[in-house]
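Novice: The structure is given below, and queries will be raised subsequently.
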Amino acid sequence: MPQQTGPAGGPTLRDVLLAKGYLRLLLISAALGIPVSLIAFGFVSLEHELQHWVWESLPVAAGFDRAPWWWGLPALLLAGLLLAPIVTRVPGRGGHIPVDGLGGPPTPPIAVPGVVLAALACLPLGAVLGPEAPLMAMGSGLALLAVRSFRRAERPQLAPVLGAAGSAAAISTIFGSPLVAGVMMIEAAGLGGPRLMALILPCLLASGIGALVFTGFGHWTGLSIGALSLPSVPPEGVPDAGDFLWGLPLAAAVTVICVCGQLLGRRVKAYTTGDPDGPAPPPTTRQTAVRTVVCSVAVGACITAYALLTGRSPEEAALSGQLTLGSLAAEPGAWPIGALLALTLCKAAGWGIALGSMRGGPIFPAVLIGATLGVACGPLPGLGVASGLAAGIAAAAAAVTRLPVTSVILAAELIGEDARNAMPLLIVAAVTASVVGELVRTLARRRSTDAAVAPPSRPAAR
């Protein structure tokens, strides 16, 4: 067998995997898996308890059967007031702004307290965001904290690999599968050859060992956590021509809505923190704080609009959407078409504003938006609710993350036993979303560029 050689005479895969320092890195990653997952479990459990108290226990204690239509306004006002000093004064500014995605450099340990505070200020009070980005930042910072700073200074390549391993261990708790976390790191890294394998093995090891906290080990049954999951889904058959006939335009529509939400988020980010490429000077610290509160109230207005339009609980449009997604999948027939369309539009608007002003993750609400529109299109002849749900989830995840393989695996994990039959439709929906998403973003960039270079209009001659 010919000997493997690395690109341009670089190290081979065998050289990377058998290096003494790399084996030590794998041991560190395995050791980090369980403590990082336990801390992530504590964070998510606390966030869920606060969410339950704000949106269920407190309204009942106040004499209501459920949260009234106006509940989102004071809740999001409070979220903005709590978040404003964190993003302007605390180290790390509460983590990166969610419209920037899930990636970025490793989170320094000093920024972890701000990330936790910002997430607990936003997520339980109704911000239309998920916990995945704060979890990744926490895992990254905790992993770096475990290795002394002088070791990281001696070997700079440790920081990104350890940060990715900690992030993978943390988000495997909320995605319900270490496989999703591992594949996400593969696609997000954008590496190849031995470098890719050198990154993915610590991520898989940390997330896999950390998953023992939730799957159990031996006679220990593990800890229960509210991971993204569907307790019940409509039965799915083998996809037919009707599923693909309607699935392609459905995936395109979901993508347009999600990408438009992201574009709105970028405008909101420029409003709250400034646009480095824009002509206007960046806002002052005071202006950023005030604008953060204004945007939080605007998110509350979107939630309130949904409750007024449908007469349903504002909780369905608020928060990350995990509970609403489970209810939608279990009883899709209980949702009128009008309520589904209102939820799609109001949640997308609130999500877009939150993406540019608050702190959290972008994936969970987008998955609900795709699922909601998919269920709304279910009655179309030849489609069906199950196929619409599957295509909507895969398309939304691919549109937002721009990671099609991760999105297919995530959708398959959610669908469960029927995923094997739905796999062709999931793949086609994810690929369609990837292509349409890039087309929409390209058109938006061209319009922005044309507007920037257009000469100023001259006043009409008199």
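Labels used: A, B, ... for chains in the order of the structure tokens, numbers from 1 for residues in each chain, and numbers from 1 for ligands as shown.
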Find the spatial neighbours of region 106-111 of chain A, counting only C-alpha atoms, within a cut-off of 6 Å - ignore same-chain residues fewer than 3 positions away - and output them as a PDB file with N, CA, C and O atoms, in the first residue's frame.

Specialist:
ATOM      1  N   PRO A  91     -17.870  42.392  30.575  1.00  0.00           N
ATOM      2  CA  PRO A  91     -16.888  41.841  29.618  1.00  0.00           C
ATOM      3  C   PRO A  91     -17.516  40.806  28.687  1.00  0.00           C
ATOM      4  O   PRO A  91     -18.259  39.932  29.120  1.00  0.00           O
ATOM      5  N   GLY A  92     -17.204  40.933  27.424  1.00  0.00           N
ATOM      6  CA  GLY A  92     -17.771  40.030  26.435  1.00  0.00           C
ATOM      7  C   GLY A  92     -19.102  40.477  25.887  1.00  0.00           C
ATOM      8  O   GLY A  92     -19.620  39.883  24.928  1.00  0.00           O
ATOM      9  N   GLY A 114     -20.954  36.858  31.574  1.00  0.00           N
ATOM     10  CA  GLY A 114     -21.821  37.746  30.808  1.00  0.00           C
ATOM     11  C   GLY A 114     -22.724  36.993  29.866  1.00  0.00           C
ATOM     12  O   GLY A 114     -23.888  37.371  29.671  1.00  0.00           O
ATOM     13  N   ALA A 137     -21.075  28.986  23.594  1.00  0.00           N
ATOM     14  CA  ALA A 137     -20.122  29.929  24.182  1.00  0.00           C
ATOM     15  C   ALA A 137     -19.685  29.477  25.569  1.00  0.00           C
ATOM     16  O   ALA A 137     -18.502  29.561  25.923  1.00  0.00           O
ATOM     17  N   SER A 140     -17.308  26.504  25.217  1.00  0.00           N
ATOM     18  CA  SER A 140     -16.003  26.946  24.725  1.00  0.00           C
ATOM     19  C   SER A 140     -15.196  27.599  25.834  1.00  0.00           C
ATOM     20  O   SER A 140     -14.016  27.281  26.044  1.00  0.00           O
ATOM     21  N   GLY A 141     -15.823  28.513  26.564  1.00  0.00           N
ATOM     22  CA  GLY A 141     -15.107  29.201  27.640  1.00  0.00           C
ATOM     23  C   GLY A 141     -14.690  28.278  28.761  1.00  0.00           C
ATOM     24  O   GLY A 141     -13.587  28.394  29.304  1.00  0.00           O
ATOM     25  N   LEU A 145     -10.962  27.350  30.084  1.00  0.00           N
ATOM     26  CA  LEU A 145     -10.644  27.555  31.494  1.00  0.00           C
ATOM     27  C   LEU A 145      -9.937  26.348  32.089  1.00  0.00           C
ATOM     28  O   LEU A 145      -9.141  26.479  33.030  1.00  0.00           O
ATOM     29  N   PRO A 160      -8.642  26.938  19.514  1.00  0.00           N
ATOM     30  CA  PRO A 160      -9.815  26.641  18.679  1.00  0.00           C
ATOM     31  C   PRO A 160     -10.298  25.207  18.806  1.00  0.00           C
ATOM     32  O   PRO A 160     -11.505  24.960  18.771  1.00  0.00           O
ATOM     33  N   GLY A 163     -11.921  24.846  22.289  1.00  0.00           N
ATOM     34  CA  GLY A 163     -13.175  25.596  22.270  1.00  0.00           C
ATOM     35  C   GLY A 163     -14.258  24.871  21.510  1.00  0.00           C
ATOM     36  O   GLY A 163     -15.415  24.814  21.941  1.00  0.00           O
TER      37      GLY A 163
END

Novice: Near Gly247 (chain A), counting only C-alpha atoms, which residues have an atom at most 10 Å away, once you skip same-chain residues fewer than 3 positions from it, shown as a list in words?

Specialist: Ala241, Gly242, Asp243, Phe244, Leu250, Ala251, Ala252, Ala253, Gly374, Cys377, Leu383, Ser387, Gly388, Leu389, Ala390, Ala391, Gly392, Ala395, Leu425, Leu426, Val428, Ala429 and Thr432 of chain A

Novice: Would you list the contacts of Leu77 (chain A) as a list of chain:residue names, taking every protein, DNA or RNA residue within 8 Å and counting only C-alpha atoms, but skipping same-chain residues closer than 4 positions in sequence?

Specialist: A:Leu73, A:Leu81, A:Val293, A:Ser296, A:Val297, A:Gly300

Novice: Using only C-alpha atoms, determine which residues lie at most 12 Å from Arg402 (chain A), disregarding the query and same-chain residues fewer than 6 positions distant; provide the list as a ChimeraX atom specification.

Specialist: /A:101-103,184,187-188,190,255,258-259,362-363,394-396,408,430-438,441

Novice: Applying 8 Å and only C-alpha atoms, which residues near Cys122 (chain A) remain after dropping the ones on its own chain fewer than 6 positions away? List them as a PyMOL selection string.

Specialist: chain A and resi 76+79-80+83+358-360

Novice: Please produce an output containing C-alpha atoms for each residue in the selection, written as a tab-separated table (two decimals), in the first residue's frame.

Specialist:
chain	number	residue	atom	x	y	z
A	76	LEU	CA	-39.83	41.83	26.94
A	79	ALA	CA	-35.72	41.60	29.29
A	80	GLY	CA	-34.45	44.71	27.51
A	83	LEU	CA	-29.94	43.06	28.94
A	358	MET	CA	-30.80	40.31	21.97
A	359	ARG	CA	-28.72	37.28	22.95
A	360	GLY	CA	-29.45	33.63	22.14

Novice: Could you tell me which of A:Val36, A:Ala354, A:Ala334, A:Leu23 comes closest to Ala198 (chain A) if we count only C-alpha atoms?

Specialist: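 Closest to Ala198 (chain A), using only C-alpha atoms: A:Leu23.
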
Novice: What is the CA of Gly278 (chain A)-CA of Cys260 (chain A) distance in Å, reported with one decimal?

Specialist: 20.2 Å
